[in-house]
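> Can you read through this structure? Questions will come right after.
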Amino acid sequence: MRRRFGAVQAVAGVDLELVPGEIHALVGENGAGKSTLAAIAYGAVRADEGSVEANGVVGLVHQHFKLIDRLRVWENVLLNREPRRGWQIDVAAARERVRRLGATYGLEVDPDAIVETLPVGIKQRVELLRELDREPAVLLLDEPTAALAPGEIASFFATVQGLAARGTAILVVTHKLAEVIAYSQRVTVMRAGTVVARHLTAQTSAEQIAREMVGGDVPALATRAAVTPRPLLALRDVSAASGTSVLERATFEVGAGEIVGIAGIEGNGQSALADALAGVVRFSGDAAFDGAPLEPGDTPAQRLARGIRVIPQDRRHEALILDWSVRDNVALGRQRSLPLRAFGDAAREVIAAYDVRPPNPDAVAGALSGGNQQKVVVGRALASAPKLVVAYQPTRGVDVGAAALLQSRLIEARNAGAGVLLISFELDEIFACADRVLVIAGGRFVGAFARAEIDRGRIGALMAGGAA
Ligand SMILES: Nc1ncnc2c1ncn2[C@@H]1O[C@H](COP(=O)(O)OP(=O)(O)O)[C@@H](O)[C@H]1O
Ligand SMILES: [Mg+2]
């Protein structure tokens, strides 16, 4: 199988065989070609060369849900396949069909619920039911657990195992190696469009797969120095809203010299928190920073002037000016303090410290890969001795090697005395970096754990809105 997009050979000569009854994991770093391969197998993308053979229908569940939010569950599940009576849709039969389908696969959902009112885990069920209604012989799942809490992940895989037991051939695309080890029987590792390894899962390990994904050793994280945090940021009953994101009465502190991790599923108030601290939205409640009040209506420039640096979630829209050079992007926000002639040196420092490729200050930011763009964003935030760093998904969509580098730089900033608020949807990232973990669910802080007390199960339950 081969497929090229412009200059990128997304898939370069891949053979893959899926067997009925087996869960086959497809792993690889961002951009390895996994989604392209799945889309070719499904028939949504045409291969330049090669062919797909399947004994039956092929189903695909996308990482990003393709549901129509305003419609009901049954309307989504049965879209274009609605049971009819004469020329009319037989709504009673449609409801019943969705109910029966749910009961068969252990995916109970109210057929009449409007999709947009449902939590992510239930939307995932709807997405799956839609494919299952077509009775696929082959089911492709592209990063199916990316938006699920740990408890939801376990029940999702219980369903998938049930499908395999009925004889469905299953492909799970994921970058979470714990899932590969726990649930797959076979694993294929892709790198840069080709298969670099195939294993029976029982005969390999997460460490080996990680090395194969990266093409070498995964760099170790920076060592955490013994630092006694001193007070830096204190919020009391801080509420804010940014778009649909709502933060309610947050009370917590971040000390200078510590990383506080905010664990939560996407969409639980994290954006409101980040934007309130960045000065993008106003907040209510009390906040103090570095010995003085933090004014609720400060502009981002005022926050910057006080030593608060934000690594925004969305590097392309919130962090970089894509048609500017790396040099000008590194200087962005520091134009007043940094003389024009120092722009080049500042950029070269970031390029060297973060291994930005190409190592050229004149390169246009938009032409860099996502990982290299992120290095520029993180490098800029940490370059000017920040007091507080708000790191929102700092390694989103970044390969394992670059992620380790960025996490190490955050730990070094902490060692040097910065306070770091690490907002991440990846629990592993939080556990690797944070000195303390706070859990956010439904816009509220619902749990706090010191590093030594970190308990994945309890944190997962709190994230999903349950009790600890
Ligand atoms: N529609 C597209 N147009 C241009 N490039 C694409 C398209 N889809 C994927 N690519 C490129 O192909 C490569 C493989 O992408 P993808 O299959 O999405 O990887 P993965 O799912 O492993 O992260 C990447 O370099 C990506 O940017
Ligand atoms: Mg993908």
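Residue numbering restarts at 1 in every chain; chains get A, B, ... in the order shown in the structure tokens, and ligands count up from 1 in that same order.
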Could you produce a table of the residues of chain A lying within 10 Å of ligand 2, with the nearest pair of atoms per residue and their separation in Å rounded to one decimal, using only C-alpha atoms and all ligand atoms, ordered by chain and increasing residue number, as a Markdown table?

```
| residue | atom | partner | partner_atom_place_in_ligand_line | distance |
| --- | --- | --- | --- | --- |
| A:Val27 | CA | ligand 2 | 1 (Mg) | 9.7 |
| A:Gly28 | CA | ligand 2 | 1 (Mg) | 9.1 |
| A:Glu29 | CA | ligand 2 | 1 (Mg) | 8.8 |
| A:Asn30 | CA | ligand 2 | 1 (Mg) | 6.6 |
| A:Gly31 | CA | ligand 2 | 1 (Mg) | 6.9 |
| A:Ala32 | CA | ligand 2 | 1 (Mg) | 8.0 |
| A:Gly33 | CA | ligand 2 | 1 (Mg) | 7.0 |
| A:Lys34 | CA | ligand 2 | 1 (Mg) | 5.5 |
| A:Ser35 | CA | ligand 2 | 1 (Mg) | 4.1 |
| A:Thr36 | CA | ligand 2 | 1 (Mg) | 7.3 |
| A:Leu37 | CA | ligand 2 | 1 (Mg) | 9.2 |
| A:Ala38 | CA | ligand 2 | 1 (Mg) | 8.8 |
| A:Ala39 | CA | ligand 2 | 1 (Mg) | 9.8 |
| A:His62 | CA | ligand 2 | 1 (Mg) | 9.0 |
| A:Gln63 | CA | ligand 2 | 1 (Mg) | 7.6 |
| A:His64 | CA | ligand 2 | 1 (Mg) | 9.9 |
| A:Asp142 | CA | ligand 2 | 1 (Mg) | 6.8 |
| A:Glu143 | CA | ligand 2 | 1 (Mg) | 7.1 |
| A:Val173 | CA | ligand 2 | 1 (Mg) | 7.6 |
| A:Thr174 | CA | ligand 2 | 1 (Mg) | 8.3 |
| A:His175 | CA | ligand 2 | 1 (Mg) | 9.3 |
| A:Gly397 | CA | ligand 2 | 1 (Mg) | 9.6 |
```
> Would you save the residues from that selection as a JSON list (two decimals), in the first residue's frame, using C-alpha atoms?

```
[["chain", "number", "residue", "atom", "x", "y", "z"],
["A", 27, "VAL", "CA", 1.18, 2.31, 16.74],
["A", 28, "GLY", "CA", 3.57, 5.03, 15.65],
["A", 29, "GLU", "CA", 4.42, 8.63, 16.29],
["A", 30, "ASN", "CA", 2.43, 11.54, 14.95],
["A", 31, "GLY", "CA", 2.63, 11.63, 11.20],
["A", 32, "ALA", "CA", 3.73, 8.01, 10.90],
["A", 33, "GLY", "CA", 0.87, 7.34, 8.47],
["A", 34, "LYS", "CA", -1.53, 5.40, 10.71],
["A", 35, "SER", "CA", -4.67, 7.41, 9.97],
["A", 36, "THR", "CA", -3.91, 7.43, 6.26],
["A", 37, "LEU", "CA", -3.54, 3.67, 6.27],
["A", 38, "ALA", "CA", -6.83, 3.26, 8.16],
["A", 39, "ALA", "CA", -8.60, 5.65, 5.79],
["A", 62, "HIS", "CA", -12.60, 8.39, 13.63],
["A", 63, "GLN", "CA", -10.58, 10.05, 16.35],
["A", 64, "HIS", "CA", -12.64, 13.18, 15.89],
["A", 142, "ASP", "CA", -8.51, 5.47, 15.01],
["A", 143, "GLU", "CA", -7.29, 6.75, 18.39],
["A", 173, "VAL", "CA", -4.71, 2.88, 16.16],
["A", 174, "THR", "CA", -3.24, 4.35, 19.32],
["A", 175, "HIS", "CA", -0.16, 5.94, 20.78],
["A", 397, "GLY", "CA", 0.69, 16.19, 18.82]]
```
> For the structure I just gave you, how does DSSP split stretch 325-425 of chain A - specifically, which residues are alpha helix (DSSP H)? Reply as a short mmCIF file (atom, residue, chain, number, x, y, z; two decimals) with all heavy atoms, in the first residue's frame.

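Writing done, so here's out35.cif:
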```
data_model
loop_
_atom_site.label_atom_id
_atom_site.label_comp_id
_atom_site.auth_asym_id
_atom_site.auth_seq_id
_atom_site.Cartn_x
_atom_site.Cartn_y
_atom_site.Cartn_z
N VAL A 326 10.84 32.39 12.32
CA VAL A 326 11.09 31.88 13.67
C VAL A 326 11.64 33.01 14.54
O VAL A 326 11.24 33.20 15.68
CB VAL A 326 12.07 30.69 13.61
CG1 VAL A 326 12.59 30.34 15.01
CG2 VAL A 326 11.40 29.48 12.96
N ARG A 327 12.56 33.80 13.97
CA ARG A 327 13.17 34.88 14.73
C ARG A 327 12.11 35.85 15.26
O ARG A 327 12.08 36.18 16.44
CB ARG A 327 14.16 35.64 13.85
CG ARG A 327 14.86 36.79 14.59
CD ARG A 327 15.75 37.64 13.69
NE ARG A 327 15.05 37.95 12.48
CZ ARG A 327 15.51 37.66 11.26
NH1 ARG A 327 16.68 37.09 11.11
NH2 ARG A 327 14.79 37.95 10.20
N ASP A 328 11.22 36.28 14.40
CA ASP A 328 10.23 37.26 14.83
C ASP A 328 9.22 36.64 15.80
O ASP A 328 8.72 37.31 16.71
CB ASP A 328 9.53 37.88 13.62
CG ASP A 328 10.49 38.77 12.82
OD1 ASP A 328 11.60 39.03 13.34
OD2 ASP A 328 10.15 39.17 11.70
N ASN A 329 8.94 35.37 15.61
CA ASN A 329 8.04 34.70 16.55
C ASN A 329 8.68 34.57 17.93
O ASN A 329 8.00 34.71 18.95
CB ASN A 329 7.63 33.32 16.02
CG ASN A 329 6.37 33.40 15.16
OD1 ASN A 329 5.27 33.62 15.67
ND2 ASN A 329 6.54 33.25 13.86
N VAL A 330 9.98 34.29 17.98
CA VAL A 330 10.65 34.18 19.28
C VAL A 330 10.65 35.54 19.99
O VAL A 330 10.54 35.62 21.21
CB VAL A 330 12.09 33.63 19.11
CG1 VAL A 330 12.89 33.80 20.40
CG2 VAL A 330 12.05 32.16 18.69
N ALA A 331 10.73 36.60 19.20
CA ALA A 331 10.76 37.94 19.80
C ALA A 331 9.38 38.43 20.20
O ALA A 331 9.24 39.36 21.00
CB ALA A 331 11.39 38.92 18.81
N PHE A 343 17.31 40.11 18.31
CA PHE A 343 16.30 39.13 17.88
C PHE A 343 16.95 37.85 17.36
O PHE A 343 16.54 36.74 17.69
CB PHE A 343 15.40 39.70 16.77
CG PHE A 343 14.31 40.62 17.25
CD1 PHE A 343 14.39 41.27 18.47
CD2 PHE A 343 13.19 40.84 16.45
CE1 PHE A 343 13.38 42.13 18.90
CE2 PHE A 343 12.17 41.69 16.86
CZ PHE A 343 12.27 42.34 18.09
N GLY A 344 17.98 38.03 16.53
CA GLY A 344 18.62 36.87 15.91
C GLY A 344 19.25 35.96 16.95
O GLY A 344 19.07 34.74 16.92
N ASP A 345 19.96 36.55 17.92
CA ASP A 345 20.60 35.74 18.95
C ASP A 345 19.57 35.02 19.80
O ASP A 345 19.75 33.85 20.16
CB ASP A 345 21.49 36.62 19.86
CG ASP A 345 22.78 37.01 19.15
OD1 ASP A 345 23.12 36.32 18.16
OD2 ASP A 345 23.42 38.00 19.57
N ALA A 346 18.49 35.72 20.15
CA ALA A 346 17.44 35.10 20.96
C ALA A 346 16.88 33.88 20.24
O ALA A 346 16.67 32.82 20.84
CB ALA A 346 16.34 36.11 21.27
N ALA A 347 16.66 34.04 18.95
CA ALA A 347 16.11 32.92 18.17
C ALA A 347 17.13 31.78 18.09
O ALA A 347 16.77 30.61 18.25
CB ALA A 347 15.74 33.40 16.77
N ARG A 348 18.40 32.14 17.87
CA ARG A 348 19.42 31.08 17.77
C ARG A 348 19.54 30.31 19.09
O ARG A 348 19.76 29.10 19.10
CB ARG A 348 20.76 31.65 17.33
CG ARG A 348 20.88 31.75 15.80
CD ARG A 348 22.26 32.20 15.34
NE ARG A 348 22.45 33.62 15.61
CZ ARG A 348 22.07 34.60 14.77
NH1 ARG A 348 21.51 34.29 13.61
NH2 ARG A 348 22.26 35.85 15.09
N GLU A 349 19.38 31.01 20.21
CA GLU A 349 19.43 30.32 21.51
C GLU A 349 18.31 29.29 21.61
O GLU A 349 18.53 28.16 22.05
CB GLU A 349 19.29 31.32 22.67
CG GLU A 349 20.61 31.91 23.11
CD GLU A 349 20.41 33.06 24.10
OE1 GLU A 349 19.47 32.95 24.93
OE2 GLU A 349 21.16 34.04 24.01
N VAL A 350 17.10 29.70 21.24
CA VAL A 350 15.96 28.77 21.30
C VAL A 350 16.20 27.59 20.34
O VAL A 350 15.99 26.43 20.68
CB VAL A 350 14.64 29.49 20.99
CG1 VAL A 350 13.51 28.49 20.74
CG2 VAL A 350 14.28 30.45 22.12
N ILE A 351 16.66 27.91 19.15
CA ILE A 351 16.89 26.87 18.14
C ILE A 351 17.90 25.84 18.66
O ILE A 351 17.70 24.63 18.53
CB ILE A 351 17.39 27.51 16.83
CG1 ILE A 351 16.22 28.23 16.14
CG2 ILE A 351 18.01 26.46 15.91
CD1 ILE A 351 16.62 29.12 14.98
N ALA A 352 18.97 26.33 19.33
CA ALA A 352 20.00 25.41 19.82
C ALA A 352 19.48 24.61 21.02
O ALA A 352 19.63 23.39 21.09
CB ALA A 352 21.25 26.19 20.21
N ALA A 353 18.82 25.29 21.96
CA ALA A 353 18.40 24.62 23.19
C ALA A 353 17.29 23.61 22.94
O ALA A 353 17.13 22.64 23.68
CB ALA A 353 17.94 25.65 24.23
N TYR A 354 16.52 23.83 21.87
CA TYR A 354 15.35 22.98 21.62
C TYR A 354 15.50 22.15 20.35
O TYR A 354 14.57 21.46 19.95
CB TYR A 354 14.09 23.83 21.56
CG TYR A 354 13.72 24.38 22.91
CD1 TYR A 354 14.35 25.51 23.42
CD2 TYR A 354 12.76 23.75 23.70
CE1 TYR A 354 14.05 26.00 24.68
CE2 TYR A 354 12.44 24.23 24.95
CZ TYR A 354 13.09 25.35 25.44
OH TYR A 354 12.80 25.83 26.69
N GLY A 370 4.74 20.40 13.09
CA GLY A 370 4.06 20.73 14.34
C GLY A 370 4.98 20.66 15.55
O GLY A 370 4.97 21.52 16.43
N GLY A 371 5.79 19.63 15.59
CA GLY A 371 6.70 19.44 16.73
C GLY A 371 7.71 20.58 16.82
O GLY A 371 8.00 21.08 17.91
N ASN A 372 8.24 21.01 15.68
CA ASN A 372 9.22 22.10 15.69
C ASN A 372 8.55 23.44 16.00
O ASN A 372 9.13 24.29 16.67
CB ASN A 372 9.99 22.12 14.38
CG ASN A 372 11.05 21.03 14.35
OD1 ASN A 372 12.01 21.07 15.13
ND2 ASN A 372 10.86 20.03 13.53
N GLN A 373 7.31 23.61 15.55
CA GLN A 373 6.58 24.82 15.94
C GLN A 373 6.42 24.86 17.46
O GLN A 373 6.59 25.90 18.10
CB GLN A 373 5.19 24.82 15.28
CG GLN A 373 5.23 25.07 13.78
CD GLN A 373 3.85 24.97 13.15
OE1 GLN A 373 2.88 24.54 13.78
NE2 GLN A 373 3.77 25.34 11.88
N GLN A 374 6.10 23.70 18.03
CA GLN A 374 5.87 23.66 19.47
C GLN A 374 7.16 23.97 20.23
O GLN A 374 7.13 24.61 21.27
CB GLN A 374 5.32 22.29 19.86
CG GLN A 374 4.76 22.23 21.27
CD GLN A 374 3.52 23.11 21.46
OE1 GLN A 374 2.89 23.52 20.50
NE2 GLN A 374 3.22 23.42 22.70
N LYS A 375 8.31 23.53 19.68
CA LYS A 375 9.58 23.84 20.33
C LYS A 375 9.79 25.36 20.37
O LYS A 375 10.29 25.91 21.35
CB LYS A 375 10.73 23.18 19.57
CG LYS A 375 10.77 21.66 19.68
CD LYS A 375 11.87 21.13 18.75
CE LYS A 375 11.92 19.62 18.74
NZ LYS A 375 12.93 19.14 17.76
N VAL A 376 9.41 26.03 19.30
CA VAL A 376 9.56 27.49 19.26
C VAL A 376 8.65 28.14 20.33
O VAL A 376 9.07 29.04 21.05
CB VAL A 376 9.21 28.04 17.85
CG1 VAL A 376 9.17 29.56 17.85
CG2 VAL A 376 10.23 27.52 16.83
N VAL A 377 7.44 27.64 20.43
CA VAL A 377 6.48 28.22 21.39
C VAL A 377 6.94 28.02 22.83
O VAL A 377 6.95 28.95 23.64
CB VAL A 377 5.08 27.59 21.19
CG1 VAL A 377 4.12 28.06 22.27
CG2 VAL A 377 4.54 27.93 19.81
N VAL A 378 7.38 26.80 23.13
CA VAL A 378 7.84 26.52 24.49
C VAL A 378 9.15 27.26 24.76
O VAL A 378 9.33 27.85 25.83
CB VAL A 378 8.00 24.99 24.71
CG1 VAL A 378 8.60 24.70 26.08
CG2 VAL A 378 6.65 24.28 24.56
N GLY A 379 10.03 27.26 23.77
CA GLY A 379 11.31 27.95 23.93
C GLY A 379 11.11 29.43 24.22
O GLY A 379 11.77 30.01 25.08
N ARG A 380 10.20 30.05 23.51
CA ARG A 380 9.92 31.48 23.74
C ARG A 380 9.39 31.70 25.15
O ARG A 380 9.81 32.62 25.85
CB ARG A 380 8.88 31.95 22.73
CG ARG A 380 8.44 33.38 22.95
CD ARG A 380 7.45 33.83 21.91
NE ARG A 380 6.18 33.16 22.05
CZ ARG A 380 5.28 33.03 21.06
NH1 ARG A 380 5.54 33.51 19.86
NH2 ARG A 380 4.15 32.42 21.28
N ALA A 381 8.50 30.82 25.60
CA ALA A 381 7.90 31.01 26.92
C ALA A 381 8.94 30.88 28.03
O ALA A 381 8.87 31.57 29.05
CB ALA A 381 6.78 30.00 27.14
N LEU A 382 9.91 30.00 27.84
CA LEU A 382 10.87 29.74 28.92
C LEU A 382 12.15 30.56 28.78
O LEU A 382 13.00 30.53 29.66
CB LEU A 382 11.21 28.24 28.95
CG LEU A 382 10.02 27.29 29.15
CD1 LEU A 382 10.50 25.85 29.27
CD2 LEU A 382 9.21 27.67 30.38
N ALA A 383 12.28 31.32 27.69
CA ALA A 383 13.56 31.98 27.40
C ALA A 383 13.87 33.13 28.34
O ALA A 383 15.02 33.39 28.63
CB ALA A 383 13.55 32.48 25.96
N VAL A 400 7.39 11.48 20.57
CA VAL A 400 7.84 11.12 21.91
C VAL A 400 9.17 11.77 22.29
O VAL A 400 9.35 12.26 23.41
CB VAL A 400 7.97 9.59 22.04
CG1 VAL A 400 8.37 9.20 23.45
CG2 VAL A 400 6.67 8.92 21.65
N GLY A 401 10.09 11.81 21.34
CA GLY A 401 11.40 12.39 21.64
C GLY A 401 11.31 13.87 21.93
O GLY A 401 11.85 14.36 22.92
N ALA A 402 10.58 14.60 21.08
CA ALA A 402 10.43 16.04 21.29
C ALA A 402 9.63 16.31 22.57
O ALA A 402 9.91 17.26 23.30
CB ALA A 402 9.74 16.67 20.08
N ALA A 403 8.65 15.45 22.86
CA ALA A 403 7.85 15.65 24.07
C ALA A 403 8.75 15.54 25.30
O ALA A 403 8.65 16.36 26.23
CB ALA A 403 6.73 14.61 24.14
N ALA A 404 9.65 14.56 25.30
CA ALA A 404 10.55 14.40 26.45
C ALA A 404 11.44 15.63 26.60
O ALA A 404 11.70 16.10 27.71
CB ALA A 404 11.39 13.13 26.28
N LEU A 405 11.88 16.18 25.47
CA LEU A 405 12.73 17.37 25.53
C LEU A 405 11.96 18.55 26.13
O LEU A 405 12.45 19.26 27.02
CB LEU A 405 13.21 17.72 24.12
CG LEU A 405 14.10 18.94 24.02
CD1 LEU A 405 15.47 18.53 23.49
CD2 LEU A 405 13.53 20.01 23.12
N LEU A 406 10.72 18.75 25.68
CA LEU A 406 9.93 19.87 26.17
C LEU A 406 9.60 19.69 27.66
O LEU A 406 9.67 20.64 28.44
CB LEU A 406 8.64 20.02 25.35
CG LEU A 406 8.86 20.35 23.87
CD1 LEU A 406 7.54 20.44 23.11
CD2 LEU A 406 9.64 21.66 23.71
N GLN A 407 9.27 18.47 28.05
CA GLN A 407 8.98 18.22 29.46
C GLN A 407 10.22 18.45 30.32
O GLN A 407 10.14 19.01 31.42
CB GLN A 407 8.45 16.79 29.64
CG GLN A 407 7.05 16.63 29.05
CD GLN A 407 6.65 15.17 28.82
OE1 GLN A 407 7.46 14.26 28.98
NE2 GLN A 407 5.40 14.97 28.43
N SER A 408 11.37 18.06 29.79
CA SER A 408 12.62 18.30 30.53
C SER A 408 12.86 19.79 30.73
O SER A 408 13.29 20.23 31.79
CB SER A 408 13.81 17.69 29.78
OG SER A 408 13.80 16.29 29.91
N ARG A 409 12.57 20.58 29.69
CA ARG A 409 12.79 22.03 29.82
C ARG A 409 11.84 22.63 30.86
O ARG A 409 12.20 23.57 31.57
CB ARG A 409 12.59 22.71 28.46
CG ARG A 409 13.62 22.32 27.40
CD ARG A 409 15.00 22.90 27.69
NE ARG A 409 15.99 22.48 26.70
CZ ARG A 409 16.74 21.39 26.80
NH1 ARG A 409 16.65 20.61 27.87
NH2 ARG A 409 17.60 21.08 25.86
N LEU A 410 10.63 22.08 30.95
CA LEU A 410 9.69 22.56 31.97
C LEU A 410 10.21 22.23 33.37
O LEU A 410 10.15 23.04 34.30
CB LEU A 410 8.30 21.95 31.78
CG LEU A 410 7.48 22.48 30.60
CD1 LEU A 410 6.21 21.64 30.41
CD2 LEU A 410 7.09 23.95 30.80
N ILE A 411 10.75 21.02 33.51
CA ILE A 411 11.30 20.61 34.81
C ILE A 411 12.50 21.48 35.16
O ILE A 411 12.67 21.92 36.30
CB ILE A 411 11.67 19.10 34.79
CG1 ILE A 411 10.39 18.26 34.68
CG2 ILE A 411 12.48 18.72 36.03
CD1 ILE A 411 10.63 16.78 34.42
N GLU A 412 13.33 21.80 34.16
CA GLU A 412 14.49 22.67 34.42
C GLU A 412 14.04 24.08 34.82
O GLU A 412 14.66 24.70 35.69
CB GLU A 412 15.39 22.73 33.17
CG GLU A 412 16.17 21.43 32.96
CD GLU A 412 16.65 21.24 31.52
OE1 GLU A 412 16.49 22.18 30.71
OE2 GLU A 412 17.16 20.15 31.23
N ALA A 413 12.97 24.56 34.20
CA ALA A 413 12.46 25.89 34.59
C ALA A 413 12.00 25.86 36.04
O ALA A 413 12.24 26.79 36.82
CB ALA A 413 11.30 26.30 33.67
N ARG A 414 11.36 24.76 36.42
CA ARG A 414 10.95 24.59 37.82
C ARG A 414 12.17 24.52 38.73
O ARG A 414 12.22 25.15 39.79
CB ARG A 414 10.12 23.31 37.95
CG ARG A 414 10.05 22.74 39.35
CD ARG A 414 10.10 21.21 39.27
NE ARG A 414 9.97 20.57 40.58
CZ ARG A 414 11.03 20.17 41.29
NH1 ARG A 414 12.26 20.39 40.90
NH2 ARG A 414 10.83 19.56 42.44
N ASN A 415 13.17 23.76 38.33
CA ASN A 415 14.39 23.66 39.14
C ASN A 415 15.03 25.03 39.34
O ASN A 415 15.62 25.32 40.38
CB ASN A 415 15.40 22.73 38.48
CG ASN A 415 14.96 21.27 38.50
OD1 ASN A 415 14.00 20.91 39.19
ND2 ASN A 415 15.64 20.43 37.73
#
```
> Which residues, written as a PyMOL selection string, have at least one atom at most 6 Å from stretch 316-324 of chain A, with only C-alpha atoms counted and residues fewer than 5 positions away on the same chain left out?
chain A and resi 364-366
> Taking 3 positions as the minimum chain separation for residues in the same chain, which residues sit within 10 Å of A:Asp112 when counting only C-alpha atoms? Answer as a ChimeraX atom specification.
/A:71-75,95,98,109,115
> Mind writing the picked residues with N, CA and C atoms as a short mmCIF file (atom, residue, chain, number, x, y, z; two decimals), in the first residue's frame?

```cif
data_model
loop_
_atom_site.label_atom_id
_atom_site.label_comp_id
_atom_site.auth_asym_id
_atom_site.auth_seq_id
_atom_site.Cartn_x
_atom_site.Cartn_y
_atom_site.Cartn_z
N LEU A 71 -28.78 16.34 16.05
CA LEU A 71 -29.71 15.23 15.83
C LEU A 71 -29.73 14.27 17.01
N ARG A 72 -30.76 13.44 17.03
CA ARG A 72 -30.89 12.44 18.09
C ARG A 72 -29.93 11.28 17.84
N VAL A 73 -29.78 10.49 18.90
CA VAL A 73 -28.90 9.33 18.80
C VAL A 73 -29.33 8.41 17.66
N TRP A 74 -30.62 8.07 17.61
CA TRP A 74 -31.05 7.11 16.57
C TRP A 74 -30.88 7.69 15.18
N GLU A 75 -31.07 9.00 15.06
CA GLU A 75 -30.90 9.63 13.75
C GLU A 75 -29.44 9.54 13.29
N ARG A 95 -35.96 3.50 16.93
CA ARG A 95 -35.61 3.50 18.35
C ARG A 95 -35.30 2.09 18.83
N VAL A 98 -31.97 0.72 17.64
CA VAL A 98 -30.82 1.27 18.37
C VAL A 98 -30.74 0.67 19.77
N VAL A 109 -27.54 3.36 25.22
CA VAL A 109 -27.67 4.81 25.03
C VAL A 109 -29.15 5.10 24.84
N VAL A 115 -27.53 14.44 20.54
CA VAL A 115 -26.11 14.10 20.67
C VAL A 115 -25.31 15.17 21.40
#
```
> Which parts of stretch 194-305 of chain A does DSSP call strand (DSSP E) when run on the backbone here, written out as a ChimeraX atom specification?
/A:194-200,230-242,245-256,259-263,284-289,292-293
> Could you pull the residues within 8 Å of A:Gly447, counting only C-alpha atoms, minus those fewer than 3 positions along the same chain, as a list in words?
Leu438, Val439, Ile440, Ile459 and Leu462 of chain A
